[in-house]
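As stored in coords-v3.cif (mmCIF, C-alpha atoms and all ligand atoms):
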data_model
loop_
_atom_site.label_atom_id
_atom_site.label_comp_id
_atom_site.auth_asym_id
_atom_site.auth_seq_id
_atom_site.Cartn_x
_atom_site.Cartn_y
_atom_site.Cartn_z
CA MET A 1 152.62 122.39 76.72
CA ARG A 2 155.61 123.23 78.91
CA VAL A 3 158.49 120.78 78.49
CA ALA A 4 161.58 121.04 80.68
CA THR A 5 164.89 119.30 80.98
CA TRP A 6 166.87 119.48 84.19
CA ASN A 7 169.79 117.57 85.65
CA MET A 8 168.82 116.79 89.25
CA GLN A 9 172.40 115.94 90.15
CA GLN A 10 171.55 112.84 92.15
CA GLY A 11 174.66 111.16 90.77
CA TYR A 12 177.28 113.07 92.69
CA ASN A 13 177.20 115.43 95.73
CA ALA A 14 173.46 114.79 95.78
CA PRO A 15 171.21 117.48 97.26
CA PRO A 16 168.12 116.24 99.18
CA LEU A 17 165.87 114.45 96.70
CA LYS A 18 162.61 115.78 98.15
CA ARG A 19 163.88 119.36 97.81
CA CYS A 20 164.69 118.74 94.14
CA TRP A 21 161.20 117.42 93.35
CA THR A 22 159.59 120.31 95.27
CA TRP A 23 161.68 122.84 93.35
CA LEU A 24 160.76 121.16 90.07
CA THR A 25 157.08 121.33 90.98
CA ASP A 26 157.01 124.89 92.34
CA THR A 27 159.64 126.73 90.31
CA VAL A 28 159.98 124.94 86.98
CA ALA A 29 156.29 123.89 86.95
CA PRO A 30 156.45 121.84 83.75
CA ASP A 31 153.76 119.69 82.15
CA ILE A 32 156.50 117.27 81.13
CA ALA A 33 160.04 117.06 82.46
CA VAL A 34 163.09 115.06 81.49
CA LEU A 35 165.22 114.67 84.60
CA THR A 36 168.78 113.44 84.23
CA GLU A 37 171.06 112.06 86.96
CA ALA A 38 167.74 111.71 88.72
CA ARG A 39 166.11 109.48 91.25
CA VAL A 40 162.49 108.89 92.15
CA PRO A 41 161.62 108.95 95.89
CA ALA A 42 161.58 105.50 97.53
CA GLY A 43 157.80 105.53 97.86
CA GLY A 44 157.35 106.37 94.18
CA PRO A 45 156.92 109.63 92.29
CA PRO A 46 155.18 112.48 94.14
CA ALA A 47 151.37 112.49 93.81
CA GLY A 48 150.12 113.63 90.45
CA TRP A 49 153.31 112.91 88.50
CA ASP A 50 152.97 110.16 85.90
CA THR A 51 156.51 108.84 85.53
CA VAL A 52 158.57 106.53 83.31
CA TRP A 53 162.01 105.46 84.51
CA ARG A 54 164.26 102.46 85.10
CA PRO A 55 164.21 101.90 88.87
CA GLU A 56 167.64 100.20 88.92
CA GLY A 57 169.20 103.26 87.23
CA ILE A 58 171.94 103.03 84.63
CA GLY A 59 173.79 100.18 86.34
CA PRO A 60 175.24 98.80 89.58
CA THR A 61 177.56 101.79 90.05
CA ARG A 62 174.96 104.32 88.90
CA ARG A 63 171.69 103.90 90.77
CA TRP A 64 170.40 107.11 89.23
CA GLY A 65 169.28 107.64 85.67
CA THR A 66 166.96 109.45 83.29
CA VAL A 67 163.37 110.01 84.38
CA ILE A 68 160.48 111.29 82.28
CA THR A 69 157.65 112.70 84.36
CA GLY A 70 154.51 114.71 83.68
CA ARG A 71 151.41 116.20 85.24
CA GLY A 72 148.05 116.33 83.49
CA VAL A 73 149.37 113.96 80.83
CA GLU A 74 149.60 110.18 80.55
CA LEU A 75 153.04 108.69 79.90
CA THR A 76 153.69 105.22 78.51
CA ALA A 77 157.13 103.66 78.08
CA VAL A 78 158.02 102.88 74.46
CA ASP A 79 160.02 99.68 74.00
CA HIS A 80 158.88 98.59 70.52
CA VAL A 81 157.97 100.53 67.38
CA THR A 82 156.53 99.59 63.98
CA ILE A 83 158.64 100.57 60.97
CA GLY A 84 158.42 100.07 57.18
CA ARG A 85 155.90 101.58 54.80
CA PHE A 86 154.97 98.39 52.92
CA ARG A 87 156.52 95.50 54.84
CA ARG A 88 155.58 96.58 58.31
CA ARG A 89 157.55 95.06 61.14
CA THR A 90 157.95 95.62 64.83
CA VAL A 91 161.42 96.31 66.18
CA GLU A 92 162.72 96.77 69.67
CA VAL A 93 163.85 100.18 70.89
CA THR A 94 166.97 99.46 72.90
CA SER A 95 169.81 101.45 74.34
CA ARG A 96 173.40 100.46 75.04
CA TYR A 97 172.97 102.22 78.39
CA PRO A 98 169.47 101.35 79.61
CA GLY A 99 168.42 103.98 82.09
CA ALA A 100 170.47 106.70 80.34
CA ALA A 101 168.03 106.92 77.42
CA VAL A 102 164.33 106.58 78.26
CA VAL A 103 161.47 106.85 75.75
CA ALA A 104 157.83 107.63 76.52
CA ASP A 105 154.68 108.45 74.60
CA VAL A 106 152.83 111.50 75.88
CA ASN A 107 149.06 111.32 75.68
CA VAL A 108 146.69 114.14 76.52
CA ASP A 109 143.06 113.17 77.15
CA GLY A 110 143.76 109.82 75.52
CA GLU A 111 145.26 111.32 72.37
CA TRP A 112 148.94 111.01 71.41
CA TRP A 113 150.71 114.39 71.54
CA ALA A 114 154.37 113.44 71.05
CA THR A 115 157.07 110.94 71.97
CA VAL A 116 159.72 112.17 74.37
CA VAL A 117 163.25 110.82 74.64
CA GLY A 118 165.16 111.63 77.82
CA LEU A 119 168.89 111.33 77.27
CA TYR A 120 171.99 111.53 79.46
CA GLY A 121 175.34 111.55 77.68
CA LEU A 122 177.62 109.61 80.01
CA ASN A 123 181.13 110.96 80.52
CA VAL A 124 182.78 107.84 79.11
CA ASP A 125 184.06 106.62 75.74
CA LEU A 126 182.46 103.65 73.98
CA LYS A 127 184.73 101.26 75.90
CA GLY A 128 183.46 102.68 79.18
CA ARG A 129 186.63 104.61 80.03
CA LYS A 130 186.13 107.98 81.70
CA CYS A 131 186.71 110.85 79.27
CA GLY A 132 184.98 113.79 80.95
CA HIS A 133 182.41 114.51 78.24
CA GLY A 134 179.46 112.98 76.39
CA ARG A 135 180.78 113.43 72.86
CA HIS A 136 180.96 109.64 72.37
CA THR A 137 177.88 108.46 74.21
CA THR A 138 175.37 111.12 73.09
CA PRO A 139 175.63 110.30 69.34
CA ALA A 140 175.78 106.57 70.13
CA LEU A 141 172.60 106.75 72.21
CA LEU A 142 170.88 108.72 69.42
CA ARG A 143 171.96 106.17 66.80
CA ASP A 144 170.53 103.38 68.98
CA LEU A 145 167.19 105.19 68.81
CA SER A 146 167.10 105.50 65.01
CA PRO A 147 164.16 103.00 64.64
CA LEU A 148 162.04 105.50 66.52
CA PHE A 149 162.74 108.04 63.76
CA GLU A 150 161.64 105.57 61.07
CA SER A 151 158.43 104.71 62.90
CA ASP A 152 154.90 106.15 62.93
CA ARG A 153 156.08 108.48 65.68
CA ARG A 154 158.76 110.18 63.53
CA ASP A 155 156.94 113.50 63.02
CA ARG A 156 156.54 114.37 66.69
CA ILE A 157 159.64 113.52 68.71
CA ILE A 158 161.35 115.57 71.41
CA VAL A 159 164.85 114.67 72.63
CA ALA A 160 165.89 116.42 75.81
CA GLY A 161 168.56 115.99 78.43
CA ASP A 162 172.10 116.55 79.57
CA PHE A 163 174.30 115.70 76.59
CA ASN A 164 177.55 116.63 78.38
CA LEU A 165 178.81 118.50 75.32
CA HIS A 166 179.06 122.11 74.19
CA PRO A 167 176.76 123.54 71.48
CA ARG A 168 179.57 123.36 68.91
CA ASP A 169 179.92 119.60 69.54
CA MET A 170 176.30 118.76 68.71
CA PRO A 171 176.77 115.55 66.68
CA PRO A 172 175.78 115.30 62.97
CA VAL A 173 173.32 112.48 63.77
CA VAL A 174 170.99 115.17 65.18
CA ASP A 175 170.60 116.57 61.64
CA ARG A 176 170.26 113.13 60.09
CA LEU A 177 167.39 112.28 62.44
CA GLY A 178 165.61 115.51 61.45
CA LEU A 179 165.98 117.17 64.85
CA PHE A 180 166.27 120.90 65.45
CA ASP A 181 168.14 122.33 68.43
CA LEU A 182 165.53 124.63 69.97
CA THR A 183 168.23 126.81 71.56
CA GLU A 184 169.74 127.53 68.15
CA ILE A 185 166.46 128.36 66.40
CA THR A 186 165.51 130.82 69.17
CA ALA A 187 169.00 132.32 69.66
CA HIS A 188 167.87 135.70 68.27
CA THR A 189 165.38 136.03 71.18
CA ARG A 190 168.14 136.20 73.81
CA SER A 191 171.06 138.46 74.57
CA PRO A 192 174.51 136.88 74.17
CA LEU A 193 176.39 135.20 76.98
CA ASP A 194 179.63 136.81 78.04
CA GLN A 195 182.37 134.26 77.25
CA CYS A 196 180.15 131.45 76.02
CA THR A 197 182.00 128.12 75.86
CA GLY A 198 181.91 126.07 72.64
CA CYS A 199 179.67 128.65 70.99
CA THR A 200 178.21 128.08 67.52
CA ALA A 201 177.64 131.78 66.78
CA ARG A 202 179.69 133.27 63.95
CA ARG A 203 179.86 136.58 65.82
CA PRO A 204 179.76 136.92 69.65
CA GLU A 205 176.64 139.11 69.49
CA GLU A 206 174.73 136.27 67.77
CA CYS A 207 175.17 133.90 70.72
CA GLY A 208 171.81 132.91 72.22
CA HIS A 209 172.93 130.13 74.53
CA LEU A 210 171.90 129.60 78.13
CA TRP A 211 174.10 128.76 81.05
CA SER A 212 172.66 125.43 82.14
CA HIS A 213 175.67 124.19 84.11
CA ARG A 214 178.50 125.35 86.32
CA ASN A 215 181.61 123.28 86.98
CA ASN A 216 181.55 123.68 90.75
CA PRO A 217 180.02 125.91 93.45
CA SER A 218 182.88 128.46 93.40
CA PRO A 219 181.73 131.95 92.29
CA ASN A 220 184.46 131.91 89.62
CA ALA A 221 183.57 128.46 88.25
CA SER A 222 183.19 128.28 84.49
CA ARG A 223 179.68 127.91 83.09
CA GLN A 224 178.41 126.41 79.88
CA GLN A 225 175.36 125.03 78.11
CA ILE A 226 175.39 121.24 78.06
CA ASP A 227 171.63 120.60 78.46
CA PHE A 228 169.43 120.78 75.37
CA ILE A 229 165.94 120.28 73.97
CA LEU A 230 165.70 119.09 70.36
CA ALA A 231 162.52 118.51 68.37
CA THR A 232 161.38 117.35 64.95
CA ASN A 233 160.09 119.91 62.46
CA ASP A 234 156.35 119.76 63.32
CA LEU A 235 157.05 120.43 66.98
CA ALA A 236 159.74 123.04 66.26
CA CYS A 237 157.05 124.92 64.29
CA GLU A 238 154.78 124.86 67.36
CA LEU A 239 157.47 126.27 69.68
CA SER A 240 156.44 129.55 71.27
CA THR A 241 159.33 130.23 73.69
CA LEU A 242 162.57 128.68 74.83
CA THR A 243 163.80 129.85 78.21
CA GLY A 244 166.06 128.57 80.95
CA GLY A 245 169.56 128.69 82.26
CA ILE A 246 170.69 130.58 85.31
CA ARG A 247 169.31 133.91 84.05
CA ASP A 248 165.71 132.62 83.98
CA PHE A 249 166.10 130.38 87.05
CA PRO A 250 168.45 132.41 89.30
CA ASP A 251 167.99 130.12 92.33
CA SER A 252 168.97 126.97 90.38
CA TRP A 253 172.40 126.78 92.00
CA ASN A 254 170.66 126.27 95.39
CA VAL A 255 169.41 122.87 94.25
CA SER A 256 171.80 121.62 91.55
CA ASP A 257 174.83 122.58 89.50
CA HIS A 258 172.43 122.60 86.54
CA ALA A 259 169.69 125.04 85.58
CA PRO A 260 166.65 123.86 83.57
CA ILE A 261 165.91 124.52 79.90
CA VAL A 262 162.18 124.97 79.17
CA ALA A 263 160.33 124.84 75.82
CA GLU A 264 156.74 126.06 75.58
CA PHE A 265 154.71 124.63 72.71
CA ARG A 266 151.43 126.06 71.47
CA ASP A 267 148.40 123.82 71.98
ZN ZN B 301 177.02 130.94 72.64
#

Translate this structure into C-alpha cells?
Ligand SMILES: [Zn+2]
Amino acid sequence: MRVATWNMQQGYNAPPLKRCWTWLTDTVAPDIAVLTEARVPAGGPPAGWDTVWRPEGIGPTRRWGTVITGRGVELTAVDHVTIGRFRRRTVEVTSRYPGAAVVADVNVDGEWWATVVGLYGLNVDLKGRKCGHGRHTTPALLRDLSPLFESDRRDRIIVAGDFNLHPRDMPPVVDRLGLFDLTEITAHTRSPLDQCTGCTARRPEECGHLWSHRNNPSPNASRQQIDFILATNDLACELSTLTGGIRDFPDSWNVSDHAPIVAEFRD
C-alpha cells in the first residue's frame, strides 16, 4: 500500500488544478494520498479516485483544504467513534478547523485496512492571528482527534500532512498518541541533507530528512521538511520504505513549492 502526502498549493499562487491531479496520478501514483491546501475539480474528483473532503474548504477565506483520496480502495469519512472498554459510548470526532483535519477509514475489498487522518497545520496561533508556522495548530488539531486514538481504530492510524513545522518542533502529543514519525525511523536509509533546518539528528551525518518544501521559487530559497507521515506501531512495523522530497521527485517544483513524502507498507 503506497500512501503519500503532498501539499498541492491551491491556497496561494495556485498552479493549474488539473495539472496537479495529473502529476499526482502519473508521478506520485499512490494508492492513498493526503493532499493539503488542495481542491477537488469542480466536476468532482477525477475518475477512479474515491475521495473524502469538505467541499467548502477550511472557511470563507480558505476555499481549499485537506483532501484524502485513493484508488483501488474505498474511503469513508469518520465523524463518530466508539470508545470505552466496558461502558461503550459513541463520541463525535470534531476539529476546531473543519476542513484542515479530515479523517477517513480505508477499506480494501470490503475489509478495514487503516484509518487515515489528513492534517494541515495552519499558520496561525490559537486566536487566529498569523504567526507563520503550524506549531500551535498542529498539536491542537491532534488533541482534538484524541477520541480516535481511544477507539477501536487505535491500532491502525496514519496521520499525514503539512504540519508547517520543522522536525525538531514535532509536538509531544505525537508520542502520547502512540504515533511514530516514519521519517525518523527510516533516517538511517538516507544520506544527510546539507544544512537541514530544525534537524533532530545529534550529529549532521545522522540526518535523514527530506526536503519537502522550498520558501519560494528562487534557486537560493531555503528548503526544509515540514510535511510528514506518522503511524501507530502496527503500521510502522509494516513499513517497507519511506521516500520523497525533492531528491526522489525532482520535478516537484514544476507543480508546487512542496514535494511529496511517500510511505510504502507491506500487504
Ligand atoms: Zn535533518

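Closest approach to A:Arg2 among A:Pro30, A:Gly99, A:Gly245, A:Pro217 is made by A:Pro30 (distances from all atoms listed in the file).
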
Determine, counting all atoms listed in the file, every residue of protein, DNA or RNA that lies within 9 Å of (173.9, 102.4, 72.0) in the file coordinates, then give the result as a VMD selection string. chain A and resid 94 to 98 126 137 to 145

Keeping only C-alpha atoms, write the selected residues to a file as a PDB file, in the frame of the given file.
ATOM      1  CA  THR A  94     166.970  99.460  72.900  1.00  0.00           C
ATOM      2  CA  SER A  95     169.810 101.450  74.340  1.00  0.00           C
ATOM      3  CA  ARG A  96     173.400 100.460  75.040  1.00  0.00           C
ATOM      4  CA  TYR A  97     172.970 102.220  78.390  1.00  0.00           C
ATOM      5  CA  PRO A  98     169.470 101.350  79.610  1.00  0.00           C
ATOM      6  CA  LEU A 126     182.460 103.650  73.980  1.00  0.00           C
ATOM      7  CA  THR A 137     177.880 108.460  74.210  1.00  0.00           C
ATOM      8  CA  THR A 138     175.370 111.120  73.090  1.00  0.00           C
ATOM      9  CA  PRO A 139     175.630 110.300  69.340  1.00  0.00           C
ATOM     10  CA  ALA A 140     175.780 106.570  70.130  1.00  0.00           C
ATOM     11  CA  LEU A 141     172.600 106.750  72.210  1.00  0.00           C
ATOM     12  CA  LEU A 142     170.880 108.720  69.420  1.00  0.00           C
ATOM     13  CA  ARG A 143     171.960 106.170  66.800  1.00  0.00           C
ATOM     14  CA  ASP A 144     170.530 103.380  68.980  1.00  0.00           C
ATOM     15  CA  LEU A 145     167.190 105.190  68.810  1.00  0.00           C
TER      16      LEU A 145
END

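For the set A:Pro55, A:Pro46, A:Gly110, A:Gly208, the residue with the smallest atom-to-atom gap to ligand ZN 301 (chain B) is A:Gly208, counting all atoms listed in the file.
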
Quote the spacing between atom CA of A:Asp248 and atom CA of A:Glu74 in Å to one decimal place. 27.8 Å

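With distances restricted to only C-alpha atoms and all ligand atoms, A:Glu205 is the closest residue to ligand ZN 301 (chain B) from A:Asp125, A:Asp251, A:Glu205, A:Asp31.
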
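Of the residues under consideration (A:Leu210, A:Ala114, A:Ala47, A:Ala101), A:Leu210 shows the shortest atom-to-atom contact distance to ligand ZN 301 (chain B) when counting only C-alpha atoms and all ligand atoms.
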
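The point (150.6, 117.3, 69.8) has these residues within 10 Å of it when all atoms listed in the file are used: A:Met1, A:Val106, A:Asn107, A:Val108, A:Glu111, A:Trp112, A:Trp113, A:Ala114, A:Thr115, A:Arg156, A:Ile157, A:Asp234, A:Leu235, A:Glu238, A:Phe265, A:Arg266, A:Asp267.
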
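For the choices A:Gln9, A:Asn220, A:Gln195, A:Asn215, the atom-to-atom distance to ligand ZN 301 (chain B) is smallest for A:Gln195 when using all atoms listed in the file.
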
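Among the candidate residues A:Ile246, A:Asp227, A:Val103, A:Asp162, the one lying nearest to A:Asp79 is A:Val103, with distances computed using all atoms listed in the file.
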
Between atom CA of A:Ala104 and atom CA of A:Tyr12, what distance in Å does the model show, to one decimal? 25.9 Å

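By all atoms listed in the file, and with residues fewer than 5 positions from A:Thr186 along its chain excluded, the set lying at most 10 Å from it is Asp181, Gly208, His209, Leu239, Ser240, Thr241, Leu242 and Thr243 of chain A.
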
List every residue of chain A that has an atom at most 9 Å from any atom of ligand ZN 301 (chain B), giving for each one its closest atom pair and the distance in Å to one decimal, counting all atoms listed in the file, sorted by chain and then by ascending residue number, as JSON lines.
{"residue": "A:Pro167", "atom": "CA", "partner": "B:ZN301", "partner_atom": "ZN", "distance": 7.5}
{"residue": "A:Arg168", "atom": "CA", "partner": "B:ZN301", "partner_atom": "ZN", "distance": 8.8}
{"residue": "A:Ala187", "atom": "CA", "partner": "B:ZN301", "partner_atom": "ZN", "distance": 8.7}
{"residue": "A:Pro192", "atom": "CA", "partner": "B:ZN301", "partner_atom": "ZN", "distance": 6.6}
{"residue": "A:Leu193", "atom": "CA", "partner": "B:ZN301", "partner_atom": "ZN", "distance": 6.1}
{"residue": "A:Asp194", "atom": "CA", "partner": "B:ZN301", "partner_atom": "ZN", "distance": 8.4}
{"residue": "A:Gln195", "atom": "CA", "partner": "B:ZN301", "partner_atom": "ZN", "distance": 7.8}
{"residue": "A:Cys196", "atom": "CA", "partner": "B:ZN301", "partner_atom": "ZN", "distance": 4.6}
{"residue": "A:Thr197", "atom": "CA", "partner": "B:ZN301", "partner_atom": "ZN", "distance": 6.6}
{"residue": "A:Gly198", "atom": "CA", "partner": "B:ZN301", "partner_atom": "ZN", "distance": 6.9}
{"residue": "A:Cys199", "atom": "CA", "partner": "B:ZN301", "partner_atom": "ZN", "distance": 3.9}
{"residue": "A:Thr200", "atom": "CA", "partner": "B:ZN301", "partner_atom": "ZN", "distance": 6.0}
{"residue": "A:Ala201", "atom": "CA", "partner": "B:ZN301", "partner_atom": "ZN", "distance": 6.0}
{"residue": "A:Pro204", "atom": "CA", "partner": "B:ZN301", "partner_atom": "ZN", "distance": 7.2}
{"residue": "A:Glu205", "atom": "CA", "partner": "B:ZN301", "partner_atom": "ZN", "distance": 8.8}
{"residue": "A:Glu206", "atom": "CA", "partner": "B:ZN301", "partner_atom": "ZN", "distance": 7.6}
{"residue": "A:Cys207", "atom": "CA", "partner": "B:ZN301", "partner_atom": "ZN", "distance": 4.0}
{"residue": "A:Gly208", "atom": "CA", "partner": "B:ZN301", "partner_atom": "ZN", "distance": 5.6}
{"residue": "A:His209", "atom": "CA", "partner": "B:ZN301", "partner_atom": "ZN", "distance": 4.6}
{"residue": "A:Leu210", "atom": "CA", "partner": "B:ZN301", "partner_atom": "ZN", "distance": 7.6}
{"residue": "A:Gln224", "atom": "CA", "partner": "B:ZN301", "partner_atom": "ZN", "distance": 8.7}
{"residue": "A:Gln225", "atom": "CA", "partner": "B:ZN301", "partner_atom": "ZN", "distance": 8.2}

List as a PyMOL selection string the protein and nucleic acid residues near A:His258, meaning an atom at most 9 Å away when only C-alpha atoms are counted, but skip any in the same chain fewer than 3 places from it. chain A and resi 6-9+211-214+227+245-246+252-253+255

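Interatomic distance, atom CA of A:Thr51 against atom CA of A:Glu184: 28.7 Å.
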